[in-house]
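Peer 1: Got a structure for you, model_6.csv, holding CSV, C-alpha atoms.
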```csv
chain,number,residue,atom,x,y,z
A,1,MET,CA,30.6,46.4,1.9
A,2,CYS,CA,28.9,43.1,0.8
A,3,ASP,CA,30.2,39.9,2.4
A,4,PHE,CA,30.1,37.6,-0.6
A,5,ASP,CA,31.7,34.7,1.4
A,6,ALA,CA,28.8,34.8,3.9
A,7,ILE,CA,26.2,35.0,1.2
A,8,ASN,CA,27.8,32.0,-0.6
A,9,GLU,CA,28.0,30.1,2.6
A,10,ALA,CA,24.4,30.8,3.3
A,11,LEU,CA,23.3,29.8,-0.2
A,12,ASN,CA,25.3,26.6,0.1
A,13,SER,CA,23.9,25.7,3.5
A,14,GLU,CA,20.4,26.4,2.1
A,15,GLU,CA,21.1,24.0,-0.8
A,16,ARG,CA,22.0,21.4,1.7
A,17,GLN,CA,18.7,21.9,3.4
A,18,THR,CA,16.7,20.6,0.6
A,19,ILE,CA,16.5,17.1,-0.8
A,20,ASP,CA,14.9,15.5,-3.9
A,21,VAL,CA,12.3,12.8,-3.5
A,22,LYS,CA,10.8,10.8,-6.3
A,23,ILE,CA,7.0,10.5,-5.9
A,24,VAL,CA,5.4,7.7,-7.8
A,25,ARG,CA,1.6,7.8,-8.3
A,26,LEU,CA,-0.8,5.9,-10.4
A,27,GLY,CA,-0.7,7.7,-13.7
A,28,GLY,CA,2.7,9.4,-13.2
A,29,GLN,CA,5.8,10.2,-11.3
A,30,ASP,CA,7.6,13.4,-10.5
A,31,VAL,CA,10.5,14.6,-8.4
A,32,GLN,CA,9.7,16.8,-5.5
A,33,THR,CA,12.2,19.0,-3.7
A,34,ILE,CA,11.5,19.1,0.0
A,35,GLU,CA,13.1,20.3,3.1
A,36,ALA,CA,15.8,18.0,4.5
A,37,GLY,CA,14.6,16.2,7.6
A,38,MET,CA,10.9,16.4,6.7
A,39,THR,CA,8.9,13.6,8.2
A,40,VAL,CA,6.3,11.6,6.4
A,41,ALA,CA,3.5,13.3,8.4
A,42,ASP,CA,4.8,16.7,7.5
A,43,PHE,CA,5.1,15.7,3.8
A,44,LYS,CA,1.5,14.4,3.8
A,45,ALA,CA,0.2,17.5,5.4
A,46,LYS,CA,2.0,19.8,3.0
A,47,TYR,CA,1.0,18.0,-0.2
A,48,GLY,CA,-2.6,17.1,0.8
A,49,LEU,CA,-1.9,13.3,1.1
A,50,GLU,CA,-3.5,12.8,4.5
A,51,GLY,CA,-5.7,9.9,3.4
A,52,THR,CA,-2.9,8.0,1.6
A,53,LYS,CA,-0.3,5.5,2.5
A,54,LEU,CA,3.3,6.1,1.5
A,55,VAL,CA,5.4,3.0,0.6
A,56,SER,CA,9.1,2.8,-0.1
A,57,ALA,CA,10.5,1.1,-3.3
A,58,GLU,CA,11.3,-1.9,-1.1
A,59,GLY,CA,7.6,-2.2,-0.3
A,60,ASP,CA,7.9,-1.0,3.3
A,61,ILE,CA,5.1,1.2,4.6
A,62,LEU,CA,6.5,4.5,5.7
A,63,ARG,CA,5.4,5.6,9.2
A,64,ASN,CA,4.4,9.1,10.0
A,65,SER,CA,7.6,9.6,12.1
A,66,ASP,CA,9.9,8.3,9.3
A,67,VAL,CA,12.1,11.0,7.8
A,68,LEU,CA,12.3,11.2,4.0
A,69,ARG,CA,15.8,10.7,2.6
A,70,GLU,CA,17.6,12.1,-0.4
A,71,ASP,CA,16.7,10.3,-3.7
A,72,MET,CA,14.1,8.2,-2.0
A,73,LYS,CA,11.4,6.7,-4.1
A,74,VAL,CA,8.0,7.0,-2.5
A,75,PHE,CA,4.8,5.3,-3.8
A,76,VAL,CA,1.5,7.0,-3.0
A,77,SER,CA,-1.3,4.6,-2.4
A,78,THR,CA,-4.9,4.7,-1.4
A,79,PRO,CA,-7.5,2.0,-1.0
A,80,LYS,CA,-9.7,1.2,-4.0
A,81,LYS,CA,-13.2,0.7,-3.0
A,82,ASN,CA,-16.0,0.2,-5.4
A,83,GLY,CA,-19.7,-0.7,-4.9
B,1,MET,CA,-21.1,29.0,6.2
B,2,ALA,CA,-18.6,28.8,3.5
B,3,ASP,CA,-15.9,26.2,3.5
B,4,LYS,CA,-12.4,27.4,4.5
B,5,PHE,CA,-9.8,26.7,1.8
B,6,THR,CA,-6.1,27.5,1.8
B,7,VAL,CA,-4.8,29.5,-1.1
B,8,HIS,CA,-3.3,26.3,-2.5
B,9,GLU,CA,-6.7,24.6,-2.4
B,10,CYS,CA,-8.4,27.5,-4.0
B,11,LEU,CA,-5.9,27.5,-6.9
B,12,ASN,CA,-6.5,23.8,-7.3
B,13,LEU,CA,-10.3,24.3,-7.4
B,14,LEU,CA,-9.9,27.1,-9.9
B,15,LYS,CA,-7.6,24.9,-12.0
B,16,LYS,CA,-10.2,22.2,-12.1
B,17,LEU,CA,-12.8,24.5,-13.5
B,18,PHE,CA,-10.6,25.4,-16.5
B,19,GLU,CA,-9.2,22.0,-17.0
B,20,LYS,CA,-10.1,20.3,-20.3
B,21,PRO,CA,-10.6,16.5,-20.3
B,22,GLN,CA,-7.5,14.8,-21.5
B,23,ILE,CA,-9.4,11.8,-22.8
B,24,THR,CA,-12.7,12.0,-24.7
B,25,SER,CA,-12.7,8.7,-26.5
B,26,LEU,CA,-11.0,5.4,-26.0
B,27,THR,CA,-10.7,2.3,-28.1
B,28,ILE,CA,-10.2,-1.1,-26.4
B,29,THR,CA,-8.1,-3.6,-28.2
B,30,LYS,CA,-9.9,-6.9,-28.8
B,31,PRO,CA,-7.6,-9.0,-26.6
B,32,ALA,CA,-7.9,-6.5,-23.8
B,33,TYR,CA,-11.7,-6.5,-24.1
B,34,ILE,CA,-11.8,-10.3,-24.1
B,35,LYS,CA,-9.6,-10.2,-20.9
B,36,LEU,CA,-12.0,-7.7,-19.3
B,37,MET,CA,-15.0,-9.9,-20.1
B,38,ALA,CA,-13.2,-13.0,-18.9
B,39,PHE,CA,-12.5,-11.3,-15.5
B,40,ILE,CA,-16.0,-10.1,-14.9
B,41,ASN,CA,-17.6,-13.4,-16.0
B,42,LEU,CA,-15.1,-15.7,-14.3
B,43,ILE,CA,-15.7,-14.0,-11.0
B,44,GLY,CA,-19.3,-15.1,-11.1
B,45,ASP,CA,-21.9,-13.1,-9.1
B,46,TYR,CA,-19.3,-10.9,-7.5
B,47,GLU,CA,-17.9,-7.5,-8.5
B,48,ILE,CA,-14.3,-7.3,-9.5
B,49,SER,CA,-11.9,-4.3,-9.8
B,50,GLY,CA,-8.6,-3.3,-11.4
B,51,PHE,CA,-6.7,-1.0,-13.6
B,52,GLY,CA,-6.3,-0.6,-17.3
B,53,ARG,CA,-3.3,0.4,-19.4
B,54,ILE,CA,-3.7,3.2,-21.9
B,55,GLN,CA,-1.2,3.6,-24.8
B,56,ASP,CA,-1.7,6.2,-27.5
B,57,GLY,CA,-5.5,6.5,-26.9
B,58,LYS,CA,-6.0,2.7,-26.8
B,59,VAL,CA,-6.7,0.5,-23.8
B,60,THR,CA,-4.3,-2.3,-24.4
B,61,ASP,CA,-4.5,-4.3,-21.2
B,62,PHE,CA,-6.5,-4.8,-18.0
B,63,ALA,CA,-5.1,-6.1,-14.7
B,64,ILE,CA,-6.5,-7.0,-11.3
B,65,LEU,CA,-4.9,-6.6,-7.9
B,66,GLU,CA,-5.4,-8.3,-4.6
B,67,GLN,CA,-9.0,-7.7,-3.5
B,68,GLU,CA,-11.9,-8.9,-1.6
B,69,VAL,CA,-14.9,-9.4,-3.8
B,70,ARG,CA,-18.5,-9.3,-2.8
B,71,GLY,CA,-21.9,-9.2,-4.6
B,72,ALA,CA,-22.3,-5.5,-4.5
B,73,TYR,CA,-18.9,-4.3,-3.2
B,74,VAL,CA,-15.2,-4.8,-3.9
B,75,GLU,CA,-12.3,-3.6,-1.9
B,76,CYS,CA,-8.6,-3.4,-2.6
B,77,SER,CA,-6.5,-2.2,0.4
B,78,ASP,CA,-3.9,0.5,0.1
B,79,ASP,CA,-1.3,-2.2,0.5
B,80,ALA,CA,-2.8,-4.0,-2.5
B,81,VAL,CA,-2.7,-0.8,-4.6
B,82,ALA,CA,0.9,-0.2,-3.5
B,83,ALA,CA,1.8,-3.8,-4.4
B,84,PHE,CA,0.2,-3.3,-7.8
B,85,MET,CA,2.3,-0.1,-8.4
B,86,LEU,CA,5.4,-2.0,-7.4
B,87,ARG,CA,4.4,-4.9,-9.6
B,88,ILE,CA,4.2,-3.0,-12.9
B,89,PRO,CA,7.4,-1.9,-14.6
B,90,GLU,CA,8.4,1.7,-13.7
B,91,ASP,CA,8.2,3.0,-17.2
B,92,GLN,CA,4.5,1.9,-17.3
B,93,VAL,CA,3.3,3.7,-14.2
B,94,ASN,CA,2.0,6.6,-16.2
B,95,GLU,CA,0.1,4.3,-18.5
B,96,TRP,CA,-1.9,2.3,-16.0
B,97,THR,CA,-4.3,5.1,-15.4
B,98,LEU,CA,-7.7,3.6,-16.1
B,99,ASP,CA,-9.7,2.7,-13.0
B,100,TRP,CA,-12.3,0.0,-13.7
B,101,HIS,CA,-14.7,-2.3,-11.9
B,102,SER,CA,-17.7,-4.4,-12.6
B,103,HIS,CA,-21.3,-4.2,-11.4
B,104,VAL,CA,-22.2,-7.8,-12.2
B,105,MET,CA,-25.7,-7.5,-13.8
B,106,MET,CA,-26.7,-4.2,-12.5
B,107,SER,CA,-26.6,-0.7,-14.0
B,108,THR,CA,-23.2,0.7,-14.7
B,109,SER,CA,-23.9,4.1,-13.1
B,110,PRO,CA,-21.3,5.0,-10.4
B,111,SER,CA,-22.5,4.5,-6.9
B,112,SER,CA,-21.8,6.9,-4.0
B,113,THR,CA,-19.0,4.5,-2.9
B,114,ASP,CA,-17.5,4.9,-6.3
B,115,TRP,CA,-17.7,8.7,-6.3
B,116,ASN,CA,-16.1,8.9,-2.9
B,117,ASN,CA,-13.3,6.7,-4.0
B,118,TYR,CA,-12.7,8.6,-7.2
B,119,GLU,CA,-12.3,11.7,-5.2
B,120,GLU,CA,-9.7,9.9,-2.9
B,121,MET,CA,-8.0,8.5,-6.0
B,122,CYS,CA,-7.8,11.9,-7.5
B,123,SER,CA,-6.1,13.3,-4.4
B,124,ALA,CA,-3.7,10.4,-4.3
B,125,ARG,CA,-2.9,11.1,-8.0
B,126,GLY,CA,-1.9,14.7,-7.1
B,127,ASN,CA,-5.3,16.0,-8.3
B,128,ALA,CA,-4.6,14.7,-11.7
B,129,GLN,CA,-7.6,13.8,-13.8
B,130,PHE,CA,-8.0,10.1,-14.8
B,131,PRO,CA,-10.4,7.9,-16.7
B,132,PHE,CA,-12.7,5.4,-15.0
B,133,MET,CA,-14.9,2.7,-16.4
B,134,ILE,CA,-17.8,0.5,-15.0
B,135,VAL,CA,-18.9,-2.6,-16.9
B,136,ASN,CA,-21.3,-5.4,-16.4
B,137,LYS,CA,-22.0,-8.8,-17.7
B,138,LYS,CA,-24.5,-7.4,-20.2
B,139,GLN,CA,-21.5,-5.6,-21.7
B,140,GLU,CA,-22.9,-2.2,-20.8
B,141,VAL,CA,-20.2,0.3,-20.1
B,142,THR,CA,-20.0,3.7,-18.4
B,143,ALA,CA,-16.8,5.5,-18.9
B,144,MET,CA,-15.9,9.0,-17.7
B,145,GLN,CA,-12.9,11.2,-17.2
B,146,TYR,CA,-12.8,12.2,-13.6
B,147,ILE,CA,-11.6,15.8,-13.3
B,148,SER,CA,-13.3,16.8,-10.1
B,149,GLU,CA,-16.3,16.1,-7.9
B,150,ASN,CA,-18.6,18.1,-10.3
B,151,ARG,CA,-16.8,17.6,-13.6
B,152,HIS,CA,-16.6,14.1,-15.1
B,153,PRO,CA,-17.4,14.2,-18.8
B,154,ALA,CA,-18.3,11.0,-20.6
B,155,ILE,CA,-15.7,9.0,-22.6
B,156,GLU,CA,-16.8,7.4,-25.9
B,157,MET,CA,-15.8,3.8,-25.9
B,158,SER,CA,-15.3,1.4,-28.7
B,159,VAL,CA,-13.7,-2.0,-29.3
B,160,GLU,CA,-11.1,-2.4,-32.0
B,161,ALA,CA,-12.2,-4.5,-34.9
B,162,THR,CA,-9.3,-6.9,-35.2
B,163,ASP,CA,-9.1,-10.7,-35.7
B,164,ILE,CA,-8.4,-12.9,-32.7
B,165,SER,CA,-7.9,-16.7,-32.7
B,166,ALA,CA,-9.5,-19.2,-30.5
B,167,GLU,CA,-6.1,-20.1,-29.1
B,168,GLU,CA,-5.6,-16.5,-28.0
B,169,ILE,CA,-9.0,-16.4,-26.3
B,170,THR,CA,-8.2,-19.6,-24.5
B,171,GLU,CA,-4.9,-18.3,-23.4
B,172,ILE,CA,-6.5,-15.1,-22.1
B,173,TYR,CA,-9.2,-17.1,-20.3
B,174,ASN,CA,-6.5,-19.3,-18.6
B,175,GLN,CA,-4.5,-16.2,-17.6
B,176,CYS,CA,-7.5,-14.5,-16.1
B,177,LYS,CA,-8.5,-17.7,-14.2
B,178,GLU,CA,-5.0,-17.8,-12.7
B,179,GLU,CA,-5.0,-14.2,-11.8
B,180,ILE,CA,-8.4,-14.5,-10.1
B,181,GLU,CA,-7.2,-17.5,-8.1
B,182,LYS,CA,-4.1,-15.5,-7.1
B,183,TYR,CA,-5.6,-12.1,-6.2
B,184,CYS,CA,-9.3,-12.5,-5.4
B,185,THR,CA,-10.7,-13.6,-2.1
B,186,LYS,CA,-14.4,-14.3,-2.0
B,187,TYR,CA,-16.3,-13.1,1.0
B,188,THR,CA,-18.8,-15.8,1.7
B,189,TYR,CA,-20.9,-17.3,4.5
B,190,VAL,CA,-21.8,-20.9,4.4
B,191,ILE,CA,-24.9,-21.0,6.6
B,192,LYS,CA,-27.0,-23.7,8.1
B,193,ASP,CA,-30.7,-23.7,7.1
B,194,THR,CA,-32.5,-24.1,10.4
B,195,LYS,CA,-35.7,-25.4,8.6
B,196,LYS,CA,-34.2,-28.2,6.5
B,197,LYS,CA,-31.5,-29.1,9.0
B,198,GLU,CA,-28.9,-29.5,6.3
B,199,GLU,CA,-25.9,-27.4,5.4
B,200,THR,CA,-26.5,-25.2,2.3
B,201,LYS,CA,-24.2,-25.3,-0.6
B,202,SER,CA,-22.5,-22.6,-2.5
B,203,ASN,CA,-24.4,-21.9,-5.7
B,204,SER,CA,-27.8,-22.4,-4.4
B,205,SER,CA,-27.5,-20.6,-1.1
B,206,ILE,CA,-24.4,-18.6,-0.5
B,207,THR,CA,-25.4,-15.6,1.5
B,208,TYR,CA,-23.5,-12.4,0.9
B,209,SER,CA,-23.3,-9.7,3.4
B,210,ASN,CA,-22.1,-6.2,2.9
B,211,LYS,CA,-21.3,-3.1,4.9
B,212,TYR,CA,-24.7,-1.5,4.3
B,213,GLY,CA,-26.2,-3.9,6.8
B,214,TYR,CA,-28.3,-6.2,4.7
B,215,SER,CA,-27.7,-9.7,3.4
B,216,TYR,CA,-29.1,-11.4,0.4
B,217,GLN,CA,-29.0,-14.5,-1.7
B,218,HIS,CA,-28.6,-15.3,-5.3
B,219,TYR,CA,-27.5,-11.9,-6.3
B,220,GLY,CA,-27.2,-11.5,-10.1
B,221,ASN,CA,-27.8,-14.1,-12.7
B,222,ARG,CA,-25.9,-16.9,-14.1
B,223,ASN,CA,-25.0,-16.8,-17.8
B,224,TRP,CA,-23.1,-18.7,-20.4
B,225,TRP,CA,-19.7,-18.0,-18.9
B,226,ASP,CA,-20.6,-19.3,-15.6
B,227,ALA,CA,-20.2,-22.9,-16.7
B,228,TYR,CA,-16.9,-23.1,-15.0
B,229,ASP,CA,-16.6,-25.0,-11.7
B,230,GLU,CA,-16.8,-22.3,-9.0
B,231,ASP,CA,-15.3,-24.6,-6.4
B,232,GLU,CA,-12.3,-25.2,-8.6
B,233,ILE,CA,-11.4,-21.5,-8.3
B,234,TYR,CA,-12.7,-20.9,-4.8
B,235,PRO,CA,-12.1,-23.9,-2.5
B,236,SER,CA,-14.3,-23.6,0.6
B,237,SER,CA,-11.2,-22.8,2.7
B,238,LYS,CA,-11.3,-19.3,1.2
B,239,SER,CA,-14.3,-18.5,3.4
B,240,LYS,CA,-12.8,-16.6,6.3
B,241,LYS,CA,-13.7,-14.9,9.5
B,242,THR,CA,-11.3,-12.2,10.7
B,243,SER,CA,-11.6,-9.6,13.4
B,244,LYS,CA,-12.4,-7.1,10.7
B,245,TYR,CA,-15.7,-8.8,10.0
B,246,VAL,CA,-16.8,-9.7,13.5
B,247,ASP,CA,-19.5,-7.0,13.4
B,248,GLU,CA,-21.0,-8.4,10.3
B,249,TYR,CA,-20.9,-11.9,11.8
B,250,GLU,CA,-22.6,-10.6,14.8
B,251,GLU,CA,-25.1,-8.9,12.6
B,252,TRP,CA,-25.7,-12.2,10.8
B,253,ASP,CA,-26.2,-14.0,14.1
B,254,THR,CA,-29.0,-11.6,14.8
B,255,VAL,CA,-30.5,-12.3,11.4
B,256,ARG,CA,-30.3,-16.0,12.1
B,257,GLU,CA,-31.9,-15.6,15.4
B,258,LYS,CA,-34.8,-13.8,13.8
B,259,GLN,CA,-35.0,-16.4,11.1
B,260,LYS,CA,-35.1,-19.1,13.8
B,261,ASP,CA,-37.9,-17.3,15.5
B,262,MET,CA,-39.8,-17.0,12.2
B,263,ASP,CA,-39.3,-20.7,11.6
B,264,GLU,CA,-40.8,-21.5,14.9
B,265,ASP,CA,-43.8,-19.3,14.2
B,266,LEU,CA,-44.1,-21.0,10.8
B,267,ASP,CA,-44.2,-24.4,12.4
B,268,LYS,CA,-47.2,-23.3,14.5
B,269,ASP,CA,-49.7,-22.3,11.9
B,270,GLU,CA,-47.7,-22.1,8.6
B,271,PRO,CA,-49.2,-18.9,7.1
B,272,ILE,CA,-48.3,-17.9,3.6
B,273,ILE,CA,-45.8,-15.0,3.7
B,274,GLU,CA,-46.0,-12.6,0.9
B,275,CYS,CA,-43.7,-9.9,-0.4
B,276,GLN,CA,-44.8,-6.6,1.1
B,277,TYR,CA,-44.3,-4.9,-2.2
B,278,CYS,CA,-45.5,-7.2,-5.0
B,279,GLY,CA,-47.4,-9.8,-3.0
B,280,VAL,CA,-45.6,-12.8,-4.4
B,281,GLU,CA,-45.3,-15.8,-2.1
B,282,LEU,CA,-41.9,-15.8,-0.4
B,283,ASP,CA,-39.5,-18.7,-0.2
B,284,GLU,CA,-39.6,-19.7,3.5
B,285,THR,CA,-36.2,-21.4,3.3
B,286,ASN,CA,-34.6,-18.1,2.1
B,287,PRO,CA,-33.5,-16.2,5.2
B,288,PHE,CA,-33.1,-13.0,3.3
B,289,GLU,CA,-36.6,-12.9,2.1
B,290,MET,CA,-37.9,-14.0,5.5
B,291,TYR,CA,-36.0,-11.3,7.2
B,292,TYR,CA,-36.9,-8.4,4.9
B,293,GLN,CA,-40.4,-9.7,4.0
B,294,CYS,CA,-39.5,-8.8,0.5
B,295,CYS,CA,-38.6,-10.8,-2.6
B,296,GLU,CA,-35.2,-10.4,-4.2
B,297,ASP,CA,-36.6,-8.8,-7.3
B,298,CYS,CA,-38.3,-6.0,-5.3
B,299,PHE,CA,-35.2,-5.7,-3.2
B,300,GLU,CA,-33.1,-5.1,-6.3
B,301,ASP,CA,-35.6,-2.6,-7.5
B,302,LEU,CA,-35.4,-0.8,-4.2
B,303,VAL,CA,-31.7,-0.7,-4.2
B,304,HIS,CA,-31.7,0.6,-7.7
B,305,SER,CA,-34.2,3.4,-6.9
B,306,GLN,CA,-32.3,4.3,-3.7
B,307,GLY,CA,-28.9,4.1,-5.4
B,308,SER,CA,-27.2,2.6,-2.4
B,309,VAL,CA,-25.4,-0.2,-4.0
```
For this file, write the structure as structure tokens.
Peer 2:
Amino acid sequence: MCDFDAINEALNSEERQTIDVKIVRLGGQDVQTIEAGMTVADFKAKYGLEGTKLVSAEGDILRNSDVLREDMKVFVSTPKKNG
Amino acid sequence: MADKFTVHECLNLLKKLFEKPQITSLTITKPAYIKLMAFINLIGDYEISGFGRIQDGKVTDFAILEQEVRGAYVECSDDAVAAFMLRIPEDQVNEWTLDWHSHVMMSTSPSSTDWNNYEEMCSARGNAQFPFMIVNKKQEVTAMQYISENRHPAIEMSVEATDISAEEITEIYNQCKEEIEKYCTKYTYVIKDTKKKEETKSNSSITYSNKYGYSYQHYGNRNWWDAYDEDEIYPSSKSKKTSKYVDEYEEWDTVREKQKDMDEDLDKDEPIIECQYCGVELDETNPFEMYYQCCEDCFEDLVHSQGSV
């Protein structure tokens, strides 16, 4: 016998485990669904952003240990060096 | 040994091979072009860098961000780039895609520094392709669409043929002047000439130093636009020495020591020192020429041929 209540509960809890974060880059922005509780360091590693700096909409630099929050707007920045 | 890539990286590389350039030609509006020329000429013998706004296949605006400018190098920190992104309206973020900088009077071919940065920029943009442009005071332009390290097709550039009034040009000029004052920091040394025992002044003897380990004077040429008063834009207080540049100052100290030694030698028998490449007599008051035993023209040719600037 299938336990639909358990499945629904599991699905709901899974939904709660992901959050949406708005990523703003030069040239575009998109919404990324990530695991809740993901740190900036994990996020950078997962999306290949190791050499970049993440900045909040308030202009604060996000540290590697900071946890990304639901509906957070994150700006991806990298130095511009020309020679 | 082959590089190790994750599946995600492999797919990205594959995608890059199939990707078609999104931009093959661009038209710059006349006011935007005037603004670009104002930026690169107002900054004098220094490089300058910024972003451009593209709307419907036209470059409609150019902007600069906080940066440290040098004769053969310009750097905007990641904080400055973030500040720029926060500065522009959110609905314009996807329009400010054009990456540009100037090469003063030199060739507009991208340097190794440029290529490295384009790769970093591409990663930061989520591996999205983007256009870049290098200009100089001679109005030479190199524009390409950066897709990947090995794929960067050329973009055909043109300037829109529209009328523009003298008032508009003056307004653009004043706006650029204000922005340069606000965002650009000149990296300068004011040095003391050990031979003449008098402090050297900006236009005639500013010595620029860069991270490649050499210093030189009088880089680039003056032209019609350089009639502005440089001191008005850059008061001498802008010269700075921070911990970040201690190494370069130390390096300069070494250069000055060598120069001092050379001066002492010159005082003894005063031989004529010639450029080791073209044989022209070197200016003994020019520490750059004395240090490298090479005239500035030959030095520029060497840098060109080695492609290290």
Peer 1: In Å, with one decimal, what is the gap from CA of Val59 (chain B) to CA of Glu120 (chain B)?
Peer 2: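 Atom-to-atom, CA of Val59 (chain B) to CA of Glu120 (chain B), that is 23.1 Å.
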Peer 1: Name the closest residue to chain A among the candidates B:Ile54, B:Thr27, B:Ala72, B:Tyr33; distances are taken between atoms, counting only C-alpha atoms.
Peer 2: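 Looking at the shortest contact to chain A, the residue is B:Ala72.
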Peer 1: Of the candidates B:Asn127, B:Gln92, B:Asn41, B:Gln55, which shows the shortest atom-to-atom distance to Tyr47 (chain A), using only C-alpha atoms?
Peer 2: B:Asn127
Peer 1: Around the point (1.0, 7.0, -14.2) in the file's coordinates, collect all residues with an atom within 12 Å, using all atoms listed in the file, and return them as number ranges by chain.
Peer 2: A: 23-30, 75-76; B: 51-55, 85, 88-99, 124-126, 128-131
Peer 1: Calculated over all atoms listed in the file, which of the candidates A:Val40, A:Gly51, A:Gly83, A:Met72 has the smallest distance to Glu119 (chain B)?
Peer 2: A:Gly51
Peer 1: Pick out the closest residue to chain A from this set: B:Gly57, B:Gly50, B:Pro153, B:Gly279. Count all atoms listed in the file.
Peer 2: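 Among the listed residues, the smallest separation from chain A belongs to B:Gly50.
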Peer 1: Between A:Gln17, A:Ser65, A:Thr78, A:Thr39, which has the minimum distance to chain B (counting all atoms listed in the file)?
Peer 2: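 Looking only at the distances to chain B, the closest residue turns out to be A:Thr78.
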